[in-house]
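Student: Dropping the structure in here first, questions after.
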Amino acid sequence: MLLGKPELSKVIVENVIKPKNGTIQTVSKSPRFTDSGEAIQGSVAKISCQFVDSELAKLIHKSGADTSELMTYPLELVGNEQDLTGIDASNLIGSEIRLDDAKVMLKWEQNRNGGGWRGLKLVLSVSETKNESEKNNG
């Protein structure tokens, strides 16, 4: 059997339990780059976030404990550039986002030795979500 060369950046991990909702803690927009490696001004390739499990945060908060020590998880918002550009990063912080449609994928972690696939991240397409809601409302 010939499996070919897998593209690890596109691998979807199915056997992971993910939170239903996440509360966004930090946000940063990543630009697209030219072939020569220069950032394209005003472009957005993806939006990288860190989030906490909303249900766990609510439970901890209700008990009176500090939620700032909760472990955060990586979330990438992807989609067509027009949708990504229209997202205001400052409005995302503190907001709760549904993660039902997010895919669990491998995460590349850069280090001084070059880096490697060392973790997991959630990836959510904002364009697909938008199109699905338009179909349901139409």
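Residues are named by chain letter and number: chains run A, B, ... in the order of the structure tokens, numbers start at 1 in each chain, and ligands are numbered from 1 in the order shown.
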How close does stretch 88-110 of chain A get to stretch 25-35 of chain A? List, as CSV, each residue of stretch 88-110 of chain A within 7 Å, its nearest atom pair and the distance in Å to one decimal, counting only C-alpha atoms.
Tutor:
```
residue,atom,partner,partner_atom,distance
A:Ala89,CA,A:Val27,CA,6.0
A:Ile93,CA,A:Gln25,CA,5.4
A:Gly94,CA,A:Gln25,CA,6.0
```
Student: Restricted to all heavy atoms, what would the selected residues look like written as a compact mmCIF listing (two decimals), in the first residue's frame?
Tutor:
```txt
# COMPACT_ATOMS: atom_id res chain seq x y z
N ALA A 89 -10.24 42.78 16.04
CA ALA A 89 -9.55 41.96 17.04
C ALA A 89 -9.89 42.40 18.46
O ALA A 89 -10.06 41.55 19.34
CB ALA A 89 -8.04 42.01 16.81
N ILE A 93 -11.71 39.96 22.14
CA ILE A 93 -11.21 39.69 23.49
C ILE A 93 -12.36 39.70 24.49
O ILE A 93 -13.14 40.64 24.54
CB ILE A 93 -10.10 40.69 23.88
CG1 ILE A 93 -8.91 40.49 22.95
CG2 ILE A 93 -9.70 40.52 25.34
CD1 ILE A 93 -7.79 41.46 23.13
N GLY A 94 -12.47 38.62 25.25
CA GLY A 94 -13.54 38.48 26.24
C GLY A 94 -14.83 37.90 25.68
O GLY A 94 -15.75 37.58 26.43
```
Student: Run DSSP on the backbone and tell me which residues of chain A come out as strand (DSSP E or B); list them as a PyMOL selection string.
Tutor: chain A and resi 12+21-30+33+39+46-53+73-78+96-98+103-109+116-125
Student: Please, could you write that set of residues out with C-alpha atoms as a PDB file, in the first residue's frame?
Tutor:
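New file part_7.pdb:
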```pdb
ATOM      1  CA  ILE A  12      -7.264  16.726  11.158  1.00  0.00           C
ATOM      2  CA  ASN A  21     -17.413  27.173  23.713  1.00  0.00           C
ATOM      3  CA  GLY A  22     -14.299  29.215  24.311  1.00  0.00           C
ATOM      4  CA  THR A  23     -13.738  32.656  25.805  1.00  0.00           C
ATOM      5  CA  ILE A  24     -11.100  34.571  23.851  1.00  0.00           C
ATOM      6  CA  GLN A  25      -8.187  35.881  25.946  1.00  0.00           C
ATOM      7  CA  THR A  26      -5.704  37.207  23.348  1.00  0.00           C
ATOM      8  CA  VAL A  27      -5.871  37.980  19.626  1.00  0.00           C
ATOM      9  CA  SER A  28      -3.328  38.758  16.912  1.00  0.00           C
ATOM     10  CA  LYS A  29      -3.694  39.078  13.147  1.00  0.00           C
ATOM     11  CA  SER A  30      -1.071  37.515  10.874  1.00  0.00           C
ATOM     12  CA  PHE A  33       3.624  37.314   2.833  1.00  0.00           C
ATOM     13  CA  ALA A  39       4.618  41.111   4.873  1.00  0.00           C
ATOM     14  CA  LYS A  46      -5.277  34.230   9.765  1.00  0.00           C
ATOM     15  CA  ILE A  47      -6.249  35.431  13.211  1.00  0.00           C
ATOM     16  CA  SER A  48      -4.492  33.653  16.079  1.00  0.00           C
ATOM     17  CA  CYS A  49      -6.244  33.559  19.457  1.00  0.00           C
ATOM     18  CA  GLN A  50      -5.782  32.021  22.869  1.00  0.00           C
ATOM     19  CA  PHE A  51      -8.957  30.896  24.634  1.00  0.00           C
ATOM     20  CA  VAL A  52     -10.134  29.224  27.827  1.00  0.00           C
ATOM     21  CA  ASP A  53     -12.944  26.670  28.132  1.00  0.00           C
ATOM     22  CA  TYR A  73      -5.547  26.866  24.153  1.00  0.00           C
ATOM     23  CA  PRO A  74      -4.675  28.039  20.622  1.00  0.00           C
ATOM     24  CA  LEU A  75      -7.401  28.854  18.114  1.00  0.00           C
ATOM     25  CA  GLU A  76      -6.860  30.018  14.547  1.00  0.00           C
ATOM     26  CA  LEU A  77      -9.608  31.802  12.666  1.00  0.00           C
ATOM     27  CA  VAL A  78      -9.209  31.240   8.938  1.00  0.00           C
ATOM     28  CA  GLU A  96     -17.456  33.681  23.769  1.00  0.00           C
ATOM     29  CA  ILE A  97     -17.155  31.706  20.552  1.00  0.00           C
ATOM     30  CA  ARG A  98     -18.835  28.421  19.590  1.00  0.00           C
ATOM     31  CA  LYS A 103     -11.208  21.254  13.572  1.00  0.00           C
ATOM     32  CA  VAL A 104      -8.411  19.924  15.785  1.00  0.00           C
ATOM     33  CA  MET A 105      -5.149  20.155  13.844  1.00  0.00           C
ATOM     34  CA  LEU A 106      -1.422  19.836  14.441  1.00  0.00           C
ATOM     35  CA  LYS A 107       0.361  22.968  15.662  1.00  0.00           C
ATOM     36  CA  TRP A 108       3.808  24.037  14.466  1.00  0.00           C
ATOM     37  CA  GLU A 109       5.934  25.421  17.284  1.00  0.00           C
ATOM     38  CA  GLY A 116       8.330  21.054  14.748  1.00  0.00           C
ATOM     39  CA  TRP A 117       4.786  19.728  15.045  1.00  0.00           C
ATOM     40  CA  ARG A 118       4.537  19.763  18.848  1.00  0.00           C
ATOM     41  CA  GLY A 119       0.975  20.414  19.806  1.00  0.00           C
ATOM     42  CA  LEU A 120      -2.657  20.734  18.840  1.00  0.00           C
ATOM     43  CA  LYS A 121      -4.746  23.763  17.927  1.00  0.00           C
ATOM     44  CA  LEU A 122      -8.331  24.426  16.969  1.00  0.00           C
ATOM     45  CA  VAL A 123      -8.961  25.892  13.524  1.00  0.00           C
ATOM     46  CA  LEU A 124     -12.293  27.547  12.766  1.00  0.00           C
ATOM     47  CA  SER A 125     -13.269  28.837   9.342  1.00  0.00           C
TER      48      SER A 125
END
```
Student: Would you mind listing what lies within 9 Å of A:Thr67 as an MDAnalysis selection string, with only C-alpha atoms counted and same-chain residues fewer than 4 positions away left out?
Tutor: chainID A and resid 56:58 60:61
Student: How would the residues just chosen look if you wrote them out with all heavy atoms as a short mmCIF file (atom, residue, chain, number, x, y, z; two decimals), in the first residue's frame?
Tutor:
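Written output follows (part_15.cif):
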```
data_model
loop_
_atom_site.label_atom_id
_atom_site.label_comp_id
_atom_site.auth_asym_id
_atom_site.auth_seq_id
_atom_site.Cartn_x
_atom_site.Cartn_y
_atom_site.Cartn_z
N LEU A 56 -15.73 25.81 32.01
CA LEU A 56 -14.82 25.70 33.15
C LEU A 56 -14.59 27.07 33.79
O LEU A 56 -14.60 27.21 35.01
CB LEU A 56 -13.49 25.09 32.71
CG LEU A 56 -12.44 24.88 33.79
CD1 LEU A 56 -12.97 23.98 34.90
CD2 LEU A 56 -11.18 24.30 33.19
N ALA A 57 -14.43 28.10 32.97
CA ALA A 57 -14.21 29.46 33.48
C ALA A 57 -15.42 29.94 34.30
O ALA A 57 -15.25 30.53 35.37
CB ALA A 57 -13.94 30.43 32.33
N LYS A 58 -16.62 29.65 33.82
CA LYS A 58 -17.83 30.04 34.55
C LYS A 58 -17.92 29.31 35.88
O LYS A 58 -18.29 29.90 36.90
CB LYS A 58 -19.08 29.77 33.71
CG LYS A 58 -19.23 30.72 32.54
CD LYS A 58 -20.40 30.31 31.66
CE LYS A 58 -20.45 31.18 30.42
NZ LYS A 58 -21.45 30.75 29.46
N ILE A 60 -15.41 28.04 37.68
CA ILE A 60 -14.36 28.57 38.57
C ILE A 60 -14.77 29.94 39.11
O ILE A 60 -14.63 30.22 40.30
CB ILE A 60 -13.01 28.69 37.80
CG1 ILE A 60 -12.55 27.34 37.30
CG2 ILE A 60 -11.96 29.39 38.62
CD1 ILE A 60 -11.81 26.49 38.26
N HIS A 61 -15.30 30.79 38.22
CA HIS A 61 -15.72 32.13 38.63
C HIS A 61 -16.85 32.06 39.66
O HIS A 61 -16.85 32.82 40.63
CB HIS A 61 -16.16 32.93 37.40
CG HIS A 61 -16.52 34.34 37.70
ND1 HIS A 61 -15.58 35.29 38.03
CD2 HIS A 61 -17.72 34.97 37.75
CE1 HIS A 61 -16.18 36.43 38.25
NE2 HIS A 61 -17.49 36.28 38.09
#
```
Student: Quick one: distance from atom CA of A:Gly115 to atom CA of A:Leu8 in Å, one decimal?
Tutor: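 Between atom CA of A:Gly115 and atom CA of A:Leu8 the gap works out to 13.6 Å.
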Student: Which value, in Å to one decimal, gives the distance between atom CA of A:Glu81 and atom CA of A:Glu38?
Tutor: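 That distance, rounded to one decimal, is 17.5 Å.
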